[in-house]
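Peer 1: Enclosed is the structure file query.tsv (TSV, C-alpha atoms and all ligand atoms).
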```
chain	number	residue	atom	x	y	z
H	226	MET	CA	76.95	81.92	119.65
H	227	ASN	CA	80.51	81.43	118.39
H	228	THR	CA	82.78	83.95	120.16
H	229	SER	CA	86.01	83.25	118.27
H	230	VAL	CA	87.44	85.92	115.99
H	231	THR	CA	88.53	85.12	112.47
H	232	SER	CA	91.30	87.36	111.13
H	233	ILE	CA	91.34	87.96	107.40
H	234	LYS	CA	94.47	89.42	105.86
H	235	LEU	CA	93.32	91.53	102.92
H	236	VAL	CA	95.34	93.55	100.41
H	237	LEU	CA	94.21	96.35	98.07
H	238	LEU	CA	95.83	96.65	94.65
H	239	GLY	CA	95.16	98.94	91.71
H	240	GLU	CA	96.42	101.86	89.71
H	241	ALA	CA	97.24	105.14	91.48
H	242	ALA	CA	94.29	107.36	92.42
H	243	VAL	CA	91.52	104.82	91.73
H	244	GLY	CA	90.36	105.24	95.34
H	245	LYS	CA	91.90	102.32	97.27
H	246	SER	CA	92.65	104.39	100.40
H	247	SER	CA	89.26	106.07	100.12
H	248	ILE	CA	87.48	102.70	100.09
H	249	VAL	CA	89.38	101.71	103.23
H	250	LEU	CA	88.66	105.06	104.90
H	251	ARG	CA	84.95	104.63	104.14
H	252	PHE	CA	84.93	101.08	105.51
H	253	VAL	CA	86.99	101.77	108.64
H	254	SER	CA	85.84	105.31	109.56
H	255	ASN	CA	82.77	105.94	107.38
H	256	ASP	CA	84.54	109.05	106.10
H	257	PHE	CA	85.74	110.53	102.80
H	258	ALA	CA	88.43	113.11	101.90
H	259	GLU	CA	88.15	115.01	98.60
H	260	ASN	CA	91.89	115.45	98.15
H	261	LYS	CA	93.54	112.44	99.59
H	262	GLU	CA	97.33	112.27	99.50
H	263	PRO	CA	98.79	109.32	97.55
H	264	THR	CA	99.84	106.39	99.71
H	265	ILE	CA	103.57	106.01	100.25
H	266	GLY	CA	104.66	102.35	100.49
H	267	ALA	CA	101.57	100.91	102.17
H	268	ALA	CA	99.18	101.64	105.01
H	269	PHE	CA	97.86	99.15	107.55
H	270	LEU	CA	94.44	99.38	109.18
H	271	THR	CA	92.09	96.98	110.91
H	272	GLN	CA	88.33	96.78	111.19
H	273	ARG	CA	86.08	94.30	112.97
H	274	VAL	CA	82.67	93.35	111.65
H	275	THR	CA	80.09	90.75	112.61
H	276	ILE	CA	79.12	88.29	109.93
H	277	ASN	CA	76.52	85.62	110.73
H	278	GLU	CA	77.08	86.19	114.48
H	279	HIS	CA	80.81	85.68	114.03
H	280	THR	CA	83.42	88.40	114.57
H	281	VAL	CA	85.72	88.93	111.62
H	282	LYS	CA	88.77	91.13	111.95
H	283	PHE	CA	90.02	92.51	108.64
H	284	GLU	CA	93.77	93.20	108.62
H	285	ILE	CA	93.99	95.54	105.69
H	286	TRP	CA	97.09	96.37	103.67
H	287	ASP	CA	96.42	99.36	101.43
H	288	THR	CA	99.24	99.42	98.88
H	289	ALA	CA	100.50	102.44	96.94
H	290	GLY	CA	99.38	102.48	93.31
H	291	GLN	CA	102.22	104.62	92.00
H	292	GLU	CA	104.48	102.67	89.65
H	293	ARG	CA	107.60	103.32	91.76
H	294	PHE	CA	106.10	101.16	94.54
H	295	ALA	CA	104.96	98.28	92.29
H	296	SER	CA	107.83	95.99	93.32
H	297	LEU	CA	106.67	96.08	96.96
H	298	ALA	CA	103.27	94.55	96.21
H	299	PRO	CA	104.29	90.86	96.49
H	300	MET	CA	105.33	91.45	100.09
H	301	TYR	CA	101.74	92.44	100.89
H	302	TYR	CA	99.78	89.93	98.80
H	303	ARG	CA	102.00	86.91	99.49
H	304	ASN	CA	100.08	85.65	102.55
H	305	ALA	CA	96.83	87.47	101.89
H	306	GLN	CA	93.58	85.51	102.11
H	307	ALA	CA	91.70	88.17	100.16
H	308	ALA	CA	92.41	90.96	97.69
H	309	LEU	CA	90.49	93.93	96.35
H	310	VAL	CA	91.60	94.80	92.84
H	311	VAL	CA	90.30	98.32	92.29
H	312	TYR	CA	89.82	100.36	89.11
H	313	ASP	CA	88.11	103.65	88.30
H	314	VAL	CA	85.03	103.25	86.05
H	315	THR	CA	85.96	106.52	84.28
H	316	LYS	CA	89.57	105.42	83.53
H	317	PRO	CA	89.98	102.58	81.01
H	318	GLN	CA	93.72	102.34	81.68
H	319	SER	CA	92.95	101.48	85.29
H	320	PHE	CA	90.85	98.50	84.13
H	321	ILE	CA	93.78	97.22	82.04
H	322	LYS	CA	95.95	97.52	85.15
H	323	ALA	CA	93.30	95.64	87.17
H	324	ARG	CA	93.50	92.76	84.67
H	325	HIS	CA	97.27	92.62	85.24
H	326	TRP	CA	96.83	92.50	89.00
H	327	VAL	CA	94.30	89.65	88.74
H	328	LYS	CA	96.73	87.71	86.53
H	329	GLU	CA	99.64	88.34	88.90
H	330	LEU	CA	97.60	87.30	91.94
H	331	HIS	CA	96.53	84.08	90.25
H	332	GLU	CA	100.14	83.31	89.34
H	333	GLN	CA	101.89	84.39	92.55
H	334	ALA	CA	99.49	84.68	95.49
H	335	SER	CA	97.99	81.93	97.63
H	336	LYS	CA	96.02	79.54	95.40
H	337	ASP	CA	92.81	79.93	97.40
H	338	ILE	CA	92.90	83.73	97.65
H	339	ILE	CA	89.46	85.36	97.35
H	340	ILE	CA	89.59	88.27	94.91
H	341	ALA	CA	86.99	91.01	94.54
H	342	LEU	CA	87.12	93.18	91.43
H	343	VAL	CA	85.92	96.66	92.35
H	344	GLY	CA	84.95	99.42	89.89
H	345	ASN	CA	85.05	102.59	92.00
H	346	LYS	CA	83.85	106.22	91.61
H	347	ILE	CA	80.37	105.42	90.28
H	348	ASP	CA	79.11	108.66	91.87
H	349	MET	CA	80.98	110.53	89.11
H	350	LEU	CA	78.54	109.13	86.54
H	351	GLN	CA	75.75	111.08	88.24
H	352	GLU	CA	77.83	114.25	88.18
H	353	GLY	CA	78.48	114.38	84.42
H	354	GLY	CA	81.50	112.06	84.40
H	355	GLU	CA	81.63	109.64	81.48
H	356	ARG	CA	81.67	105.91	82.12
H	357	LYS	CA	84.63	104.38	80.26
H	358	VAL	CA	84.43	100.84	81.62
H	359	ALA	CA	81.04	99.18	81.09
H	360	ARG	CA	79.58	97.29	84.02
H	361	GLU	CA	79.39	94.25	81.68
H	362	GLU	CA	83.18	94.38	81.08
H	363	GLY	CA	83.80	94.13	84.80
H	364	GLU	CA	81.21	91.38	85.21
H	365	LYS	CA	82.71	89.42	82.30
H	366	LEU	CA	86.24	89.56	83.72
H	367	ALA	CA	84.94	88.57	87.14
H	368	GLU	CA	83.02	85.63	85.71
H	369	GLU	CA	85.95	84.42	83.59
H	370	LYS	CA	88.40	84.60	86.47
H	371	GLY	CA	86.13	83.53	89.34
H	372	LEU	CA	86.10	86.88	91.16
H	373	LEU	CA	83.50	88.70	93.22
H	374	PHE	CA	82.41	91.87	91.46
H	375	PHE	CA	81.19	95.22	92.81
H	376	GLU	CA	80.82	98.77	91.62
H	377	THR	CA	81.32	101.26	94.46
H	378	SER	CA	81.60	104.86	95.45
H	379	ALA	CA	83.93	105.64	98.32
H	380	LYS	CA	82.50	109.15	98.17
H	381	THR	CA	78.87	108.21	98.87
H	382	GLY	CA	79.65	104.86	100.50
H	383	GLU	CA	77.57	102.93	97.96
H	384	ASN	CA	78.35	99.19	98.12
H	385	VAL	CA	81.59	99.67	100.08
H	386	ASN	CA	80.54	97.58	103.09
H	387	ASP	CA	79.11	94.94	100.75
H	388	VAL	CA	82.57	94.34	99.28
H	389	PHE	CA	84.00	93.40	102.68
H	390	LEU	CA	80.91	91.47	103.77
H	391	GLY	CA	81.00	89.56	100.46
H	392	ILE	CA	84.59	88.56	101.13
H	393	GLY	CA	83.88	87.70	104.76
H	394	GLU	CA	81.06	85.41	103.67
H	395	LYS	CA	83.32	83.54	101.23
H	396	ILE	CA	86.06	82.81	103.76
H	397	PRO	CA	85.36	79.84	106.00
H	398	LEU	CA	85.00	81.10	109.55
H	399	LYS	CA	87.41	79.14	111.66
H	400	THR	CA	87.20	77.81	115.17
H	401	ALA	CA	89.46	79.51	117.70
H	402	GLU	CA	91.97	76.61	117.59
H	403	GLU	CA	92.18	76.64	113.80
H	404	GLN	CA	92.58	80.40	113.87
H	405	ASN	CA	95.48	80.21	116.34
H	406	SER	CA	97.34	77.66	114.31
H	407	ALA	CA	96.76	79.60	111.06
H	408	SER	CA	98.09	82.81	112.57
H	409	ASN	CA	101.14	81.02	113.99
H	410	GLU	CA	101.86	79.73	110.51
H	411	ARG	CA	101.47	83.22	108.98
H	412	GLU	CA	103.71	84.63	111.73
H	413	SER	CA	106.57	82.38	110.82
H	414	ASN	CA	106.07	83.14	107.10
H	415	ASN	CA	105.93	86.88	107.39
H	416	GLN	CA	107.22	88.45	110.56
H	417	ARG	CA	107.09	92.00	109.26
H	418	VAL	CA	103.36	91.82	108.68
H	419	ASP	CA	102.63	90.56	112.14
H	420	LEU	CA	104.84	93.17	113.78
H	421	ASN	CA	102.66	95.80	112.14
H	422	ALA	CA	99.50	93.87	112.88
H	423	ALA	CA	100.21	94.29	116.58
H	424	ASN	CA	98.96	97.89	116.18
H	425	ASP	CA	95.35	96.77	116.38
H	426	GLY	CA	92.89	99.54	115.58
H	427	THR	CA	95.48	102.01	114.40
H	428	SER	CA	96.68	102.95	110.96
H	429	ALA	CA	100.33	103.12	110.09
H	430	ASN	CA	101.71	104.69	106.96
H	431	SER	CA	104.88	102.75	106.45
H	432	ALA	CA	107.26	104.11	103.88
H	433	CYS	CA	108.95	100.88	103.04
H	434	SER	CA	112.39	100.81	101.52
H	435	CYS	CA	112.70	97.02	101.53
W	501	LIG	N1	84.28	111.20	93.10
W	501	LIG	C1	85.00	110.27	93.74
W	501	LIG	N2	86.28	110.49	94.05
W	501	LIG	C2	86.96	109.52	94.70
W	501	LIG	C3	86.38	108.27	95.04
W	501	LIG	N3	87.31	107.53	95.65
W	501	LIG	C4	88.41	108.27	95.71
W	501	LIG	N4	88.22	109.48	95.15
W	501	LIG	C5	89.19	110.56	95.00
W	501	LIG	O1	90.24	110.09	94.16
W	501	LIG	C6	91.50	110.57	94.61
W	501	LIG	C7	92.43	109.39	94.86
W	501	LIG	O2	91.90	108.62	95.93
W	501	LIG	P1	92.82	107.66	96.82
W	501	LIG	O3	91.92	106.96	97.74
W	501	LIG	O4	93.97	108.40	97.39
W	501	LIG	O5	93.36	106.69	95.68
W	501	LIG	P2	94.42	105.49	95.82
W	501	LIG	O6	94.02	104.45	94.85
W	501	LIG	O7	94.55	105.08	97.24
W	501	LIG	O8	95.76	106.22	95.33
W	501	LIG	P3	97.30	105.78	95.62
W	501	LIG	O9	97.53	105.88	97.08
W	501	LIG	O10	98.14	106.76	94.84
W	501	LIG	O11	97.47	104.39	95.09
W	501	LIG	C8	91.23	111.40	95.88
W	501	LIG	O12	91.20	112.76	95.51
W	501	LIG	C9	89.86	110.93	96.34
W	501	LIG	O13	89.13	111.93	97.01
W	501	LIG	C10	85.01	108.06	94.69
W	501	LIG	O14	84.39	107.00	94.93
W	501	LIG	N5	84.37	109.09	94.03
```
What does the file become when written as structure tokens?
Ligand SMILES: Nc1nc2c(ncn2[C@@H]2O[C@H](COP(=O)(O)OP(=O)(O)OP(=O)(O)O)[C@@H](O)[C@H]2O)c(=O)[nH]1

Peer 2:
Amino acid sequence: MNTSVTSIKLVLLGEAAVGKSSIVLRFVSNDFAENKEPTIGAAFLTQRVTINEHTVKFEIWDTAGQERFASLAPMYYRNAQAALVVYDVTKPQSFIKARHWVKELHEQASKDIIIALVGNKIDMLQEGGERKVAREEGEKLAEEKGLLFFETSAKTGENVNDVFLGIGEKIPLKTAEEQNSASNERESNNQRVDLNAANDGTSANSACSC
């Protein structure tokens, strides 16, 4: 069995209140909060999972969706190996915003970034909420742009783990030596990220004024 750990730097992007932090909370703590406070700046959390007998450590940057924080996003996606672009299936405007994020990532992020398009809050459809973004619209965008596609509910947990496992399965699992040299390279490119990453297993809400 391969005992090396592959770290995957992953960023979440999407309009405010689509459920980015809730998806992370479900994945990391298997929990949900009805009235979650908006993220300020960004939050950092980690979670380890086993994929094909290999340990993968997700280093997760959960960015704030509010417009006033939009200029900070490049700092978080610049060296990311994976991104979740999240929208709310009951909010068409959030799907338009998701399209913009996909375009920006393809123009500005690492050329081999793995992107998952995630339509969240599908539980609301069972509770009388009206679907405003058809599943086919999401699938079409994902197919056109080469993205993974999922519909999720952070509230019930439906498909949330599958998003992360899907990403983990797409990223080549590295040997320990390759992993060390990749993280050294990332360290020199982005010291701020790795300073925060030292807080393994904790979450940090960092109000960033940079
Ligand atoms: N019904 C339902 N509500 C959800 C779901 N995910 C999140 N919410 C609710 O939607 C609201 C916003 O969720 P957040 O996780 O804070 O959204 P966010 O995208 O991180 O928001 P910002 O931090 O402002 O960018 C909260 O009240 C959550 O409880 C879901 O899957 N279903």

Peer 1: Can you tell me which residues sit at most 6 Å away from ligand LIG 501 (chain W), counting all atoms listed in the file, written as a PyMOL selection string?

Peer 2: chain H and resi 241-247+258-264+289-291+345-346+348-349+378-380

Peer 1: Between CA of Leu366 (chain H) and CA of Phe269 (chain H), measure the distance and give it in Å to one decimal.

Peer 2: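 These two atoms are separated by 28.2 Å.
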
Peer 1: Nearest residue to Val385 (chain H) out of H:Ala359, H:Val343, H:Leu237, H:Leu373, using only C-alpha atoms?

Peer 2: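 Among the listed residues, the smallest separation from Val385 (chain H) belongs to H:Val343.
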
Peer 1: Would you give me, as a tab-separated table, each residue of region 266-307 of chain H having an atom within 12 Å of an atom of region 387-392 of chain H, along with its shortest atom pair and that distance in Å to one decimal, using only C-alpha atoms and sorting by chain and residue number?

Peer 2:
```
residue	atom	partner	partner_atom	distance
H:Gln272	CA	H:Phe389	CA	10.1
H:Arg273	CA	H:Phe389	CA	10.5
H:Val274	CA	H:Leu390	CA	8.3
H:Thr275	CA	H:Leu390	CA	8.9
H:Ile276	CA	H:Leu390	CA	7.2
H:Asn277	CA	H:Leu390	CA	10.1
H:His279	CA	H:Leu390	CA	11.8
H:Thr280	CA	H:Leu390	CA	11.5
H:Val281	CA	H:Leu390	CA	9.6
H:Lys282	CA	H:Phe389	CA	10.7
H:Phe283	CA	H:Phe389	CA	8.5
H:Glu284	CA	H:Phe389	CA	11.4
H:Ile285	CA	H:Phe389	CA	10.7
H:Gln306	CA	H:Ile392	CA	9.5
H:Ala307	CA	H:Ile392	CA	7.2
```

Peer 1: Quick one: residues within 10 Å of region 318-328 of chain H, only C-alpha atoms, excluding same-chain residues fewer than 2 positions away - as a VMD selection string?

Peer 2: chain H and resid 238 to 243 298 308 to 316 330 to 334 340 to 344 357 to 358 362 to 363 366 to 367 370 372

Peer 1: Between CA of Ile233 (chain H) and CA of Pro397 (chain H), what is the distance, to one decimal in Å?

Peer 2: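 Separation between CA of Ile233 (chain H) and CA of Pro397 (chain H): 10.2 Å.
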
Peer 1: Of the candidates H:Lys336, H:Arg303, H:Arg356, H:Arg293, which shows the shortest atom-to-atom distance to Pro317 (chain H), using all atoms listed in the file?

Peer 2: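 Looking only at the distances to Pro317 (chain H), the closest residue turns out to be H:Arg356.
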
Peer 1: Could you give me, as a compact mmCIF listing (two decimals) with C-alpha atoms, in the coordinates of the input, the residues within 8 Å of Glu364 (chain H), counting only C-alpha atoms and dropping anything in the same chain fewer than 4 positions from it?

Peer 2:
```txt
# COMPACT_ATOMS: atom_id res chain seq x y z
CA ARG H 360 79.58 97.29 84.02
CA GLU H 368 83.02 85.63 85.71
CA PHE H 374 82.41 91.87 91.46
```

Peer 1: Could you work out how far CA of Asn304 (chain H) lies from CA of Asp287 (chain H), giving the answer in Å with one decimal?

Peer 2: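 Separating CA of Asp287 (chain H) from CA of Asn304 (chain H) is a distance of 14.2 Å.
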
Peer 1: Can you tell me, as lines of an AutoDock Vina configuration file, the centre and edge lengths (Å, one decimal) of the axis-aligned box enclosing all of region 264-277 of chain H's listed atoms after padding each side by 5 Å?

Peer 2:
```
center_x = 90.6
center_y = 96.0
center_z = 106.3
size_x = 38.1
size_y = 30.8
size_z = 23.3
```
